[in-house]
Amino acid sequence: MNSLPLLTLMMVVPVLGALVVAVLPAGSARLARPVALGASLLTLALAVAAWVAFDTGSDAVFQLTETHSWIPQFGVSYGLGVDGIALALIVMAAVLTPVCLLAAWNDVPAQETGSLKRYFALMLVLEAFMVGVFAATDVFLFYVFFEAMLIPVYFLIGLYGGPQRQYAAMKFLLFSLAGGLVMLVSVIAVYFAGPGGSDGFLVQNLMGNLDGSTGALRWMFVGFFVAFAVKAPMWPVHTWLPDAATESRPATAVLLVGVLDKVGTYGMIRFCLQLFPEASHWATPVVITLAVVSVVYGALLAIGQTDMMRLIAFTSVSHFGFIVLGIFAMTSVGGAGSTLYMVNHGFSTAGLFLVAGFLVARHGSKRIPDYGGWQRVTPVLAGTFLVAGLSSLALPGLSSFVSEFLVLQGTFMRYKVAAVIAALGIVLAALYVLLMYQRVMTGPKPAFVDGESPHDLSARERWVVAPIIVSFLVLGVFPKPVLDLVNPAVDKTLQIVGVTDPAPTEASGSAQ
Amino acid sequence: MPALMPAAVPAAFEAVTVDYVAVLPMLIVVGGALVGVLVEAFAPRAHRHTIQVWLTPLTLLAALVSLVLWSREHQAVTLGGSVAIDPVALFLQGTLLGLAVIGVLVMAERFGGVGSDAFTPMGASTPGSSQEDAATRAGYATSEVFPLSLFAVLGMMVFVAANDLITLFVGLEVLSLPLYVMTGLARRRRLLSQEGALKYFLLGAFSSAFFLFGAALLFGYAGSSDLKEISRAITTNSGDLDGLLLPGVVLTLVGLLFKVGAVPFHSWTPDAYQGAPTPVTGFMAACTKLAAFGAILRLTYVGIGPDRWDWQFGVVAIAILTMVVGAVLSVTQTDVKRLLAYSSVAHAGFILVGVLAFSQAAIGGVMFYLLAYGAATIAAFAIVTMVRQDGSEASHLSQWAGLGRRHPVVAGVFAFLLLAFAGIPLTSGFTAKFAAFAPAVQSGTTGVVMVVVGVLASAVTAFVYVRLIVLMYFTDPVEGVVALQPSVPSTIAITLGVLVTLVAGVAPAWILQLAGDASTFLL
């Protein structure tokens, strides 16, 4: 094992960065931006180091582990560690944070020094919590990060968002908090069902060690699942997402939808499946149904939106449906697809939100009917918008295709009807993405009132978009590094759940 | 009826043995209080405030030090079995003294005036009268609130250590009477203050009567007012007088649940909290609640515990009602003090959930909760005293709009305390809720049901607190609302309160250990 506490460092660096940003004197508040960017890049370097140090062939459940006693009276440890799934998500978060910081460069005018510093400090604090929530191997610690994360997001939306920001921030907070508090009951119950002791909250100690009646364990499962379903978000508890996404700044929306919501799906794997295998089987029919509804419902509503940000939010509801579908299909293909999808969705949503954000920054409106013909004015922006959209609709050769295909294949092995209905989501995706592109970008050259046509993407904006598009291409053509990373973890999860893939002969038989 | 005449009645009067070291902290407090009264009588008016502001906290600190250094080594059931200085009593008394220090420091705040800013110069004058003006001009000040609070602290210390019903009643009265007076002494909005005091007094008197009647019935049942004897009687009595037991238990519990502000005995809380001078509100909310829960713990665990299958469901219903009513009504409040009052009602419900778990872990959890809640509450009310419009406290919520823009530090500290009340992780509120709820979940289905209600009520209260944070940060400031610069004592008080809230949230292990180790009763 590595002696350097990489995971802790990945939280300490952004927090220190946030502190430095916060105490900058008003005169040099402009430095907040480079300092924040530097801290997030350093975190990215640490994430890469963690990836290098991670041994994909290892048998251990968690690697890079750090365990210290925190509140022994409650059985709580400061336990960190990652498996392939968690590491992939952490690396994604570490890549997206600097991208978002760069995208958010001019969100706050440099004259408002206090506001500027607070904005970037909150983003960095959020990054630390994001690393923590994925790295926590202690259920209690996970819960702490899960809830604490709400605070910076709440302020990011409520202080810096659009006209309806307070409503959106409050709605976001209440949904998440209500879900989280329900989970708290399960968190407490899990400890008493487990082996107990001063480190009784460690996932390693709880896995396969839960003792309790079937009914009790199923209730605990429900407690966890409700919180994750709100977070993910699944139909019918998704209603906070469109409001939060459209009212927050694009960069915040990316971190919220692209990274934070992954906590929901990640939690389903880590806690619902790994801790409650029996209850997971029991709940599968309902969950699969909800997931399929999410896929179709999210896509249908996306088609009907006139607000670009809301549209992107609803596409996410649809995509999260796919992710949950793959997780609960309980096949290795589906699981790997879902995990890969979590990463890909992070990047493709980032692409859509950020490019749409650039567009909104130029024209000042989120309404699709206010646009038209913009590819004639801003060709590069239009091109990147199209690529991001195509990735979102899972065009072969771009990253989402691989994961969506794997999810559907994995689901089809077990739940044919669900897979067939969910496949509709792909068709609908083509509709909402291409319709939006058509309405915004194509058509006659727009006439601008002041006669001055907007600039195309600036150098900074190109730097924002570049890594995202690179990720589409790399993960679309060569997803192997990520799959290698997550496959052992997915297999381990399925082993815990106690399922094996349906025999391949059957699969090939049905393919005739 | 043999049980009516206990065999243990002594033939002649015997002096009880007193372990003076064990009760030394209480003696120090009563000594300090008496000296305080003398200061009021003999010290020149100009110096009284200064003397009291030094005397009172030092008395409390001396009591705390003697408790930690000596009383801890002298655990005993003393004074003829009527006072138990056991680990629970010591932890609660120590916490009480610590909280009282913080509370008294807040009372000392002058904001540049002659006497304590929160208290009327002359309690006996008619509000708005020329007499009141004359008293103000003459520089009068009610510095007697300091000895009064020491007496109240004494009552509370007795309350948490009382091992028989008579002593419990004495403690109840000693702690209540000074509080009734202090509630009516607000400098501003004096009619509201006096109304609150009167309501508090009348309802308090009723509840004392309930308690006393219950104690009499229990004495009739067990032939002794000693909690241990009552417990023994419940397990051994053959059933002659069983009819007295349940009414006795119910009535004593009503008396105590009134003090913690449990629904349906909470109706005094909002009025008294709103009317009382704000530092007194903080003191009352933190310390009275702690003392009353200490008494409830002892009564239910040591005394009437064996009978709990008869009365437990009633208290479960009260706990659920308290959480729901407290949380829901706090949503509709427009006054920050009333809001905190209803939230204290909800918190009483959360603590009751812990009490009803009936395990050793529950005792520790409840005690931790009381400590954490008390520290945060006093600090929160201290901040309420600082926010002013035109000289008087800006307690209406609309006046808090935009405070975060004008006074980022004050609003930030208040927001942190609100997050603690809401139970957000990394604050004491979360650890405390966990400590109280975990034993309840462990105790069985009833406990789980209560905890589920509890977390849902928490979500409702969280909405209330967050709405206040929204108001402070996300809205435009109101003209004329300022946060006054606190003096050294209240700065220390707020700092201590916030520090406890932070430490109990981030590194609570040692406090939990302390509370856990102290969670045994001496029988």
# chains A, B, ... in the order shown; residues from 1 in each chain; ligands from 1
>>> residues_around(residues="Met92 of chain A", least_positions_apart="2", cutoff="10 Å", atoms="only C-alpha atoms", output="ChimeraX atom specification")
/A:44,47,86-90,94-97,258-259,342-344,346-347
>>> residues_around(residues="Leu203 of chain B", least_positions_apart="3", cutoff="12 Å", atoms="only C-alpha atoms", output="PyMOL selection string")
chain B and resi 176+180+196-200+206-210+254-255+258-259+261+265-269+271-272
>>> write_last_selection(atoms="N, CA and C atoms", output="PDB file, in the first residue's frame")
ATOM      1  N   SER B 176     -37.638  27.321  40.132  1.00  0.00           N
ATOM      2  CA  SER B 176     -38.689  28.011  39.385  1.00  0.00           C
ATOM      3  C   SER B 176     -38.901  29.443  39.853  1.00  0.00           C
ATOM      4  N   TYR B 180     -39.351  32.808  37.539  1.00  0.00           N
ATOM      5  CA  TYR B 180     -40.574  33.583  37.339  1.00  0.00           C
ATOM      6  C   TYR B 180     -40.259  35.069  37.437  1.00  0.00           C
ATOM      7  N   GLY B 196     -45.714  37.343  30.138  1.00  0.00           N
ATOM      8  CA  GLY B 196     -45.041  36.049  30.048  1.00  0.00           C
ATOM      9  C   GLY B 196     -44.742  35.500  31.431  1.00  0.00           C
ATOM     10  N   ALA B 197     -44.264  36.393  32.321  1.00  0.00           N
ATOM     11  CA  ALA B 197     -43.928  35.943  33.670  1.00  0.00           C
ATOM     12  C   ALA B 197     -45.156  35.422  34.388  1.00  0.00           C
ATOM     13  N   LEU B 198     -46.276  36.136  34.220  1.00  0.00           N
ATOM     14  CA  LEU B 198     -47.493  35.723  34.904  1.00  0.00           C
ATOM     15  C   LEU B 198     -47.969  34.364  34.391  1.00  0.00           C
ATOM     16  N   LYS B 199     -47.931  34.206  33.063  1.00  0.00           N
ATOM     17  CA  LYS B 199     -48.346  32.920  32.498  1.00  0.00           C
ATOM     18  C   LYS B 199     -47.446  31.800  32.998  1.00  0.00           C
ATOM     19  N   TYR B 200     -46.175  32.083  32.963  1.00  0.00           N
ATOM     20  CA  TYR B 200     -45.213  31.079  33.404  1.00  0.00           C
ATOM     21  C   TYR B 200     -45.483  30.714  34.857  1.00  0.00           C
ATOM     22  N   PHE B 206     -49.530  25.537  38.751  1.00  0.00           N
ATOM     23  CA  PHE B 206     -50.388  24.370  38.513  1.00  0.00           C
ATOM     24  C   PHE B 206     -49.570  23.097  38.418  1.00  0.00           C
ATOM     25  N   SER B 207     -48.499  23.189  37.645  1.00  0.00           N
ATOM     26  CA  SER B 207     -47.725  21.968  37.426  1.00  0.00           C
ATOM     27  C   SER B 207     -47.059  21.525  38.717  1.00  0.00           C
ATOM     28  N   SER B 208     -46.649  22.491  39.540  1.00  0.00           N
ATOM     29  CA  SER B 208     -46.080  22.105  40.831  1.00  0.00           C
ATOM     30  C   SER B 208     -47.133  21.378  41.657  1.00  0.00           C
ATOM     31  N   ALA B 209     -48.366  21.881  41.586  1.00  0.00           N
ATOM     32  CA  ALA B 209     -49.434  21.230  42.340  1.00  0.00           C
ATOM     33  C   ALA B 209     -49.650  19.805  41.834  1.00  0.00           C
ATOM     34  N   PHE B 210     -49.634  19.672  40.506  1.00  0.00           N
ATOM     35  CA  PHE B 210     -49.758  18.322  39.947  1.00  0.00           C
ATOM     36  C   PHE B 210     -48.665  17.416  40.497  1.00  0.00           C
ATOM     37  N   VAL B 254     -46.386  14.657  34.757  1.00  0.00           N
ATOM     38  CA  VAL B 254     -46.952  15.895  34.207  1.00  0.00           C
ATOM     39  C   VAL B 254     -46.159  17.085  34.728  1.00  0.00           C
ATOM     40  N   GLY B 255     -45.889  17.066  36.034  1.00  0.00           N
ATOM     41  CA  GLY B 255     -45.136  18.176  36.623  1.00  0.00           C
ATOM     42  C   GLY B 255     -43.793  18.360  35.960  1.00  0.00           C
ATOM     43  N   PHE B 258     -43.960  19.365  32.167  1.00  0.00           N
ATOM     44  CA  PHE B 258     -44.257  20.787  32.028  1.00  0.00           C
ATOM     45  C   PHE B 258     -42.955  21.578  31.956  1.00  0.00           C
ATOM     46  N   LYS B 259     -42.022  21.230  32.815  1.00  0.00           N
ATOM     47  CA  LYS B 259     -40.771  22.002  32.875  1.00  0.00           C
ATOM     48  C   LYS B 259     -39.962  21.862  31.591  1.00  0.00           C
ATOM     49  N   GLY B 261     -41.288  21.446  28.743  1.00  0.00           N
ATOM     50  CA  GLY B 261     -42.072  22.015  27.655  1.00  0.00           C
ATOM     51  C   GLY B 261     -42.552  20.981  26.656  1.00  0.00           C
ATOM     52  N   PHE B 265     -48.062  20.187  27.439  1.00  0.00           N
ATOM     53  CA  PHE B 265     -47.796  21.076  28.583  1.00  0.00           C
ATOM     54  C   PHE B 265     -46.824  22.192  28.183  1.00  0.00           C
ATOM     55  N   HIS B 266     -46.870  22.568  26.915  1.00  0.00           N
ATOM     56  CA  HIS B 266     -45.848  23.478  26.399  1.00  0.00           C
ATOM     57  C   HIS B 266     -46.342  24.904  26.263  1.00  0.00           C
ATOM     58  N   SER B 267     -47.624  25.150  26.533  1.00  0.00           N
ATOM     59  CA  SER B 267     -48.197  26.412  26.060  1.00  0.00           C
ATOM     60  C   SER B 267     -47.553  27.628  26.708  1.00  0.00           C
ATOM     61  N   TRP B 268     -46.874  27.462  27.829  1.00  0.00           N
ATOM     62  CA  TRP B 268     -46.182  28.607  28.430  1.00  0.00           C
ATOM     63  C   TRP B 268     -44.925  28.957  27.649  1.00  0.00           C
ATOM     64  N   THR B 269     -44.339  27.962  26.969  1.00  0.00           N
ATOM     65  CA  THR B 269     -42.993  28.156  26.412  1.00  0.00           C
ATOM     66  C   THR B 269     -42.892  29.379  25.496  1.00  0.00           C
ATOM     67  N   ASP B 271     -44.675  32.073  25.112  1.00  0.00           N
ATOM     68  CA  ASP B 271     -44.902  33.359  25.753  1.00  0.00           C
ATOM     69  C   ASP B 271     -43.777  33.715  26.708  1.00  0.00           C
ATOM     70  N   ALA B 272     -43.388  32.736  27.523  1.00  0.00           N
ATOM     71  CA  ALA B 272     -42.318  33.026  28.474  1.00  0.00           C
ATOM     72  C   ALA B 272     -41.010  33.299  27.745  1.00  0.00           C
TER      73      ALA B 272
END
>>> interface_residues(of="chain A", to="chain B", cutoff="6 Å", atoms="only C-alpha atoms", output="PyMOL selection string")
chain A and resi 71+144+148+178+181+188
>>> atom_distance(atom1="atom CA of Leu496 of chain B", atom2="atom CA of Ile102 of chain B")
7.3 Å
>>> select_by_dssp(residues="segment 97-254 of chain A", states="helix (DSSP H, G or I)", output="JSON, numbers by chain")
{"A": [97, 98, 99, 100, 101, 102, 103, 113, 114, 115, 116, 117, 118, 119, 120, 121, 122, 123, 124, 125, 126, 127, 128, 129, 130, 131, 132, 133, 134, 135, 139, 140, 141, 142, 143, 144, 145, 146, 147, 148, 150, 151, 152, 153, 154, 155, 156, 157, 158, 159, 160, 165, 166, 167, 168, 169, 170, 171, 172, 173, 174, 175, 176, 177, 178, 179, 180, 181, 182, 183, 184, 185, 186, 187, 188, 189, 190, 191, 192, 193, 203, 204, 205, 206, 214, 215, 216, 217, 218, 219, 220, 221, 222, 223, 224, 225, 226, 227, 228, 229, 230, 231, 240, 241, 242, 243, 244, 245, 246, 247, 250, 251, 252, 253, 254]}
>>> closest_residue(among="A:Phe353, A:Tyr191, A:Phe472, A:Phe448", to="Val254 of chain A", atoms="only C-alpha atoms")
A:Phe353
>>> atom_distance(atom1="atom CA of Asp240 of chain B", atom2="atom CA of Thr252 of chain B")
20.8 Å
>>> closest_residue(among="B:Ala138, B:Val39, B:Val101, B:Leu179", to="Leu61 of chain B", atoms="only C-alpha atoms")
B:Val101
>>> atom_distance(atom1="atom CA of Gly98 of chain B", atom2="atom CA of Thr59 of chain B")
11.3 Å
>>> residues_around(residues="Pro109 of chain A", least_positions_apart="6", cutoff="12 Å", atoms="only C-alpha atoms", output="JSON, numbers by chain")
{"A": [29, 30, 33, 115, 116, 117, 119, 160]}
>>> residues_around(residues="Val83 of chain B", least_positions_apart="5", cutoff="8 Å", atoms="only C-alpha atoms", output="list in words")
Val77, Thr78, Val158, Ala161, Ala162, Asn163, Asp164 and Thr167 of chain B
>>> closest_residue(among="A:Gly162, A:Gly208, A:Gly81, A:Gly304", to="Lys366 of chain A", atoms="only C-alpha atoms")
A:Gly162
>>> residues_around(residues="segment 121-132 of chain A", least_positions_apart="2", cutoff="9 Å", atoms="only C-alpha atoms", output="MDAnalysis selection string")
chainID A and resid 7:8 10:22 32 36 39:40 80 89:91 93:94 97 100:101 116:119 134:136 141:142 145:146 148:153 155:156 252 255 259:260 263
>>> write_last_selection(atoms="N, CA and C atoms", output="short mmCIF file (atom, residue, chain, number, x, y, z; two decimals), in the first residue's frame")
data_model
loop_
_atom_site.label_atom_id
_atom_site.label_comp_id
_atom_site.auth_asym_id
_atom_site.auth_seq_id
_atom_site.Cartn_x
_atom_site.Cartn_y
_atom_site.Cartn_z
N LEU A 7 -5.89 9.97 -0.35
CA LEU A 7 -7.31 10.37 -0.35
C LEU A 7 -7.53 11.55 0.59
N THR A 8 -6.89 11.48 1.76
CA THR A 8 -7.02 12.61 2.67
C THR A 8 -6.43 13.86 2.04
N MET A 10 -6.31 14.60 -0.98
CA MET A 10 -7.21 15.13 -2.00
C MET A 10 -8.34 15.93 -1.40
N MET A 11 -8.57 15.76 -0.10
CA MET A 11 -9.55 16.64 0.54
C MET A 11 -8.88 17.85 1.16
N VAL A 12 -7.66 17.63 1.68
CA VAL A 12 -6.98 18.72 2.36
C VAL A 12 -6.61 19.82 1.37
N VAL A 13 -6.11 19.43 0.20
CA VAL A 13 -5.66 20.44 -0.76
C VAL A 13 -6.79 21.40 -1.14
N PRO A 14 -7.96 20.90 -1.56
CA PRO A 14 -9.01 21.88 -1.87
C PRO A 14 -9.45 22.71 -0.67
N VAL A 15 -9.50 22.08 0.52
CA VAL A 15 -9.93 22.86 1.69
C VAL A 15 -8.92 23.97 1.98
N LEU A 16 -7.62 23.62 1.91
CA LEU A 16 -6.60 24.65 2.11
C LEU A 16 -6.76 25.74 1.05
N GLY A 17 -6.96 25.28 -0.19
CA GLY A 17 -7.16 26.25 -1.27
C GLY A 17 -8.32 27.17 -0.95
N ALA A 18 -9.41 26.59 -0.43
CA ALA A 18 -10.58 27.39 -0.10
C ALA A 18 -10.25 28.40 0.98
N LEU A 19 -9.46 27.95 1.97
CA LEU A 19 -9.09 28.86 3.05
C LEU A 19 -8.26 30.02 2.51
N VAL A 20 -7.28 29.68 1.67
CA VAL A 20 -6.43 30.73 1.10
C VAL A 20 -7.30 31.72 0.33
N VAL A 21 -8.20 31.17 -0.48
CA VAL A 21 -9.08 32.04 -1.27
C VAL A 21 -9.90 32.93 -0.34
N ALA A 22 -10.37 32.34 0.76
CA ALA A 22 -11.27 33.08 1.63
C ALA A 22 -10.55 34.22 2.36
N ALA A 32 -8.13 34.95 -6.45
CA ALA A 32 -8.98 33.82 -6.04
C ALA A 32 -9.08 32.81 -7.15
N ALA A 36 -7.66 29.05 -6.85
CA ALA A 36 -8.63 27.95 -6.86
C ALA A 36 -8.29 26.95 -7.95
N ALA A 39 -5.31 24.89 -6.93
CA ALA A 39 -5.63 23.86 -5.93
C ALA A 39 -6.35 22.70 -6.59
N SER A 40 -7.25 23.01 -7.51
CA SER A 40 -8.00 21.91 -8.12
C SER A 40 -7.10 21.10 -9.05
N LEU A 80 -11.19 5.75 5.04
CA LEU A 80 -11.22 6.07 3.62
C LEU A 80 -10.64 4.89 2.84
N LEU A 89 -14.98 7.53 -10.09
CA LEU A 89 -15.81 8.71 -9.85
C LEU A 89 -14.99 9.86 -9.28
N ILE A 90 -14.02 9.51 -8.41
CA ILE A 90 -13.18 10.56 -7.84
C ILE A 90 -12.36 11.23 -8.93
N VAL A 91 -11.79 10.40 -9.82
CA VAL A 91 -10.99 10.98 -10.90
C VAL A 91 -11.88 11.88 -11.76
N ALA A 93 -14.51 13.51 -10.80
CA ALA A 93 -14.75 14.76 -10.07
C ALA A 93 -13.52 15.66 -10.12
N ALA A 94 -12.34 15.03 -10.01
CA ALA A 94 -11.12 15.83 -10.01
C ALA A 94 -10.86 16.47 -11.37
N THR A 97 -13.73 19.41 -11.78
CA THR A 97 -13.65 20.62 -10.96
C THR A 97 -12.83 21.72 -11.62
N CYS A 100 -14.75 23.15 -14.43
CA CYS A 100 -15.84 24.03 -14.00
C CYS A 100 -15.33 25.36 -13.49
N LEU A 101 -14.20 25.31 -12.77
CA LEU A 101 -13.65 26.57 -12.26
C LEU A 101 -13.29 27.49 -13.42
N LEU A 116 -16.81 37.12 -5.01
CA LEU A 116 -15.92 36.33 -5.86
C LEU A 116 -15.18 35.28 -5.04
N LYS A 117 -14.61 35.74 -3.92
CA LYS A 117 -13.85 34.81 -3.09
C LYS A 117 -14.74 33.70 -2.57
N ARG A 118 -15.96 34.08 -2.13
CA ARG A 118 -16.86 33.09 -1.57
C ARG A 118 -17.23 32.03 -2.62
N TYR A 119 -17.45 32.51 -3.85
CA TYR A 119 -17.85 31.60 -4.92
C TYR A 119 -16.81 30.52 -5.13
N PHE A 134 -17.15 9.87 -1.90
CA PHE A 134 -16.87 8.64 -2.66
C PHE A 134 -15.82 7.78 -1.96
N ALA A 135 -14.96 8.41 -1.17
CA ALA A 135 -13.86 7.67 -0.58
C ALA A 135 -14.22 7.07 0.78
N ALA A 136 -15.32 7.51 1.38
CA ALA A 136 -15.64 7.06 2.72
C ALA A 136 -15.95 5.56 2.72
N LEU A 141 -19.39 8.10 8.25
CA LEU A 141 -18.60 9.16 7.59
C LEU A 141 -19.22 9.50 6.24
N PHE A 142 -19.66 8.48 5.54
CA PHE A 142 -20.35 8.71 4.27
C PHE A 142 -21.55 9.61 4.49
N PHE A 145 -20.52 13.24 5.06
CA PHE A 145 -20.19 13.95 3.82
C PHE A 145 -21.44 14.18 2.98
N PHE A 146 -22.29 13.18 2.96
CA PHE A 146 -23.52 13.22 2.17
C PHE A 146 -24.35 14.44 2.55
N ALA A 148 -23.22 17.05 4.63
CA ALA A 148 -22.44 18.29 4.69
C ALA A 148 -22.31 18.91 3.29
N MET A 149 -22.27 18.06 2.29
CA MET A 149 -22.17 18.50 0.90
C MET A 149 -23.30 19.44 0.52
N LEU A 150 -24.46 19.25 1.15
CA LEU A 150 -25.62 20.05 0.78
C LEU A 150 -25.37 21.53 1.02
N ILE A 151 -24.59 21.83 2.05
CA ILE A 151 -24.45 23.23 2.45
C ILE A 151 -23.76 24.06 1.37
N PRO A 152 -22.56 23.67 0.89
CA PRO A 152 -21.96 24.49 -0.17
C PRO A 152 -22.82 24.56 -1.42
N VAL A 153 -23.45 23.44 -1.79
CA VAL A 153 -24.30 23.49 -2.99
C VAL A 153 -25.45 24.45 -2.78
N PHE A 155 -25.59 27.06 -0.94
CA PHE A 155 -25.16 28.45 -1.08
C PHE A 155 -24.79 28.78 -2.52
N LEU A 156 -24.18 27.82 -3.21
CA LEU A 156 -23.81 28.08 -4.61
C LEU A 156 -25.06 28.37 -5.44
N THR A 252 -21.99 25.21 -11.52
CA THR A 252 -22.60 24.55 -10.37
C THR A 252 -23.48 23.40 -10.83
N LEU A 255 -21.39 20.36 -11.53
CA LEU A 255 -20.96 19.64 -10.34
C LEU A 255 -22.16 18.96 -9.69
N VAL A 259 -21.66 15.27 -10.86
CA VAL A 259 -20.90 14.57 -9.83
C VAL A 259 -21.78 14.22 -8.63
N LEU A 260 -22.44 15.21 -8.06
CA LEU A 260 -23.16 14.97 -6.80
C LEU A 260 -24.25 13.93 -6.97
N VAL A 263 -23.60 10.34 -6.45
CA VAL A 263 -23.59 9.77 -5.10
C VAL A 263 -24.79 8.84 -4.94
#
>>> select_by_dssp(residues="segment 120-350 of chain B", states="strand (DSSP E or B)", output="list in words")
Ala162, Asp164, Ala186, Asp226 and Asp335 of chain B
>>> write_last_selection(atoms="C-alpha atoms", output="compact mmCIF listing (two decimals), in the first residue's frame")
# COMPACT_ATOMS: atom_id res chain seq x y z
CA ALA B 162 -32.70 14.66 44.19
CA ASP B 164 -36.62 11.49 46.80
CA ALA B 186 -37.23 42.80 30.64
CA ASP B 226 -37.51 7.76 48.36
CA ASP B 335 -40.67 36.13 15.87
>>> residues_around(residues="Ser400 of chain A", least_positions_apart="6", cutoff="9 Å", atoms="only C-alpha atoms", output="ChimeraX atom specification")
/A:340-341,344-345,348,390-394,472,475-476
>>> write_last_selection(atoms="N, CA and C atoms", output="CSV table (one decimal), in the first residue's frame")
chain,number,residue,atom,x,y,z
A,340,LEU,N,-19.5,2.8,-16.0
A,340,LEU,CA,-18.9,3.6,-17.0
A,340,LEU,C,-19.8,4.7,-17.4
A,341,TYR,N,-21.1,4.5,-17.4
A,341,TYR,CA,-22.1,5.5,-17.7
A,341,TYR,C,-22.0,6.7,-16.7
A,344,ASN,N,-19.2,8.7,-18.0
A,344,ASN,CA,-19.5,9.3,-19.2
A,344,ASN,C,-20.6,10.4,-19.1
A,345,HIS,N,-21.6,10.1,-18.3
A,345,HIS,CA,-22.6,11.0,-18.1
A,345,HIS,C,-22.1,12.3,-17.5
A,348,SER,N,-20.6,14.2,-20.4
A,348,SER,CA,-21.5,14.7,-21.5
A,348,SER,C,-22.4,15.7,-20.9
A,390,LEU,N,-24.4,15.0,-29.3
A,390,LEU,CA,-24.3,13.6,-29.9
A,390,LEU,C,-23.8,12.6,-28.9
A,391,SER,N,-22.9,13.1,-28.0
A,391,SER,CA,-22.5,12.2,-27.0
A,391,SER,C,-23.6,11.8,-26.0
A,392,SER,N,-24.4,12.8,-25.7
A,392,SER,CA,-25.6,12.6,-24.8
A,392,SER,C,-26.6,11.6,-25.5
A,393,LEU,N,-26.7,11.7,-26.8
A,393,LEU,CA,-27.7,10.8,-27.4
A,393,LEU,C,-27.0,9.5,-27.8
A,394,ALA,N,-25.8,9.3,-27.3
A,394,ALA,CA,-25.1,8.0,-27.5
A,394,ALA,C,-24.9,7.6,-28.9
A,472,PHE,N,-14.9,12.4,-24.5
A,472,PHE,CA,-15.9,11.7,-25.3
A,472,PHE,C,-15.2,10.7,-26.3
A,475,LEU,N,-12.9,7.8,-24.4
A,475,LEU,CA,-13.8,6.8,-23.7
A,475,LEU,C,-14.7,6.1,-24.7
A,476,GLY,N,-15.0,6.8,-25.8
A,476,GLY,CA,-15.8,6.2,-26.8
A,476,GLY,C,-15.1,5.2,-27.6
>>> decode(residues="segment 366-373 of chain A", atoms="N, CA, C and O atoms", output="PDB file, in the first residue's frame")
ATOM      1  N   LYS A 366     -32.299  31.689 -21.646  1.00  0.00           N
ATOM      2  CA  LYS A 366     -32.198  30.235 -21.651  1.00  0.00           C
ATOM      3  C   LYS A 366     -33.250  29.629 -22.553  1.00  0.00           C
ATOM      4  O   LYS A 366     -33.286  28.429 -22.742  1.00  0.00           O
ATOM      5  N   ARG A 367     -34.141  30.475 -23.059  1.00  0.00           N
ATOM      6  CA  ARG A 367     -35.254  29.945 -23.832  1.00  0.00           C
ATOM      7  C   ARG A 367     -34.816  29.563 -25.241  1.00  0.00           C
ATOM      8  O   ARG A 367     -34.219  30.367 -25.959  1.00  0.00           O
ATOM      9  N   ILE A 368     -35.142  28.360 -25.637  1.00  0.00           N
ATOM     10  CA  ILE A 368     -34.728  27.883 -26.955  1.00  0.00           C
ATOM     11  C   ILE A 368     -35.334  28.738 -28.076  1.00  0.00           C
ATOM     12  O   ILE A 368     -34.627  29.076 -29.026  1.00  0.00           O
ATOM     13  N   PRO A 369     -36.622  29.142 -27.969  1.00  0.00           N
ATOM     14  CA  PRO A 369     -37.194  29.938 -29.069  1.00  0.00           C
ATOM     15  C   PRO A 369     -36.485  31.279 -29.283  1.00  0.00           C
ATOM     16  O   PRO A 369     -36.673  31.891 -30.346  1.00  0.00           O
ATOM     17  N   ASP A 370     -35.704  31.748 -28.304  1.00  0.00           N
ATOM     18  CA  ASP A 370     -35.007  33.014 -28.498  1.00  0.00           C
ATOM     19  C   ASP A 370     -33.800  32.878 -29.412  1.00  0.00           C
ATOM     20  O   ASP A 370     -33.129  33.868 -29.701  1.00  0.00           O
ATOM     21  N   TYR A 371     -33.471  31.662 -29.780  1.00  0.00           N
ATOM     22  CA  TYR A 371     -32.271  31.438 -30.587  1.00  0.00           C
ATOM     23  C   TYR A 371     -32.671  31.040 -32.007  1.00  0.00           C
ATOM     24  O   TYR A 371     -33.849  30.980 -32.341  1.00  0.00           O
ATOM     25  N   GLY A 372     -31.684  30.691 -32.775  1.00  0.00           N
ATOM     26  CA  GLY A 372     -31.908  30.256 -34.154  1.00  0.00           C
ATOM     27  C   GLY A 372     -30.775  30.776 -35.007  1.00  0.00           C
ATOM     28  O   GLY A 372     -30.397  31.948 -34.918  1.00  0.00           O
ATOM     29  N   GLY A 373     -30.200  29.870 -35.792  1.00  0.00           N
ATOM     30  CA  GLY A 373     -29.167  30.282 -36.741  1.00  0.00           C
ATOM     31  C   GLY A 373     -27.827  30.625 -36.132  1.00  0.00           C
ATOM     32  O   GLY A 373     -26.991  31.251 -36.784  1.00  0.00           O
TER      33      GLY A 373
END
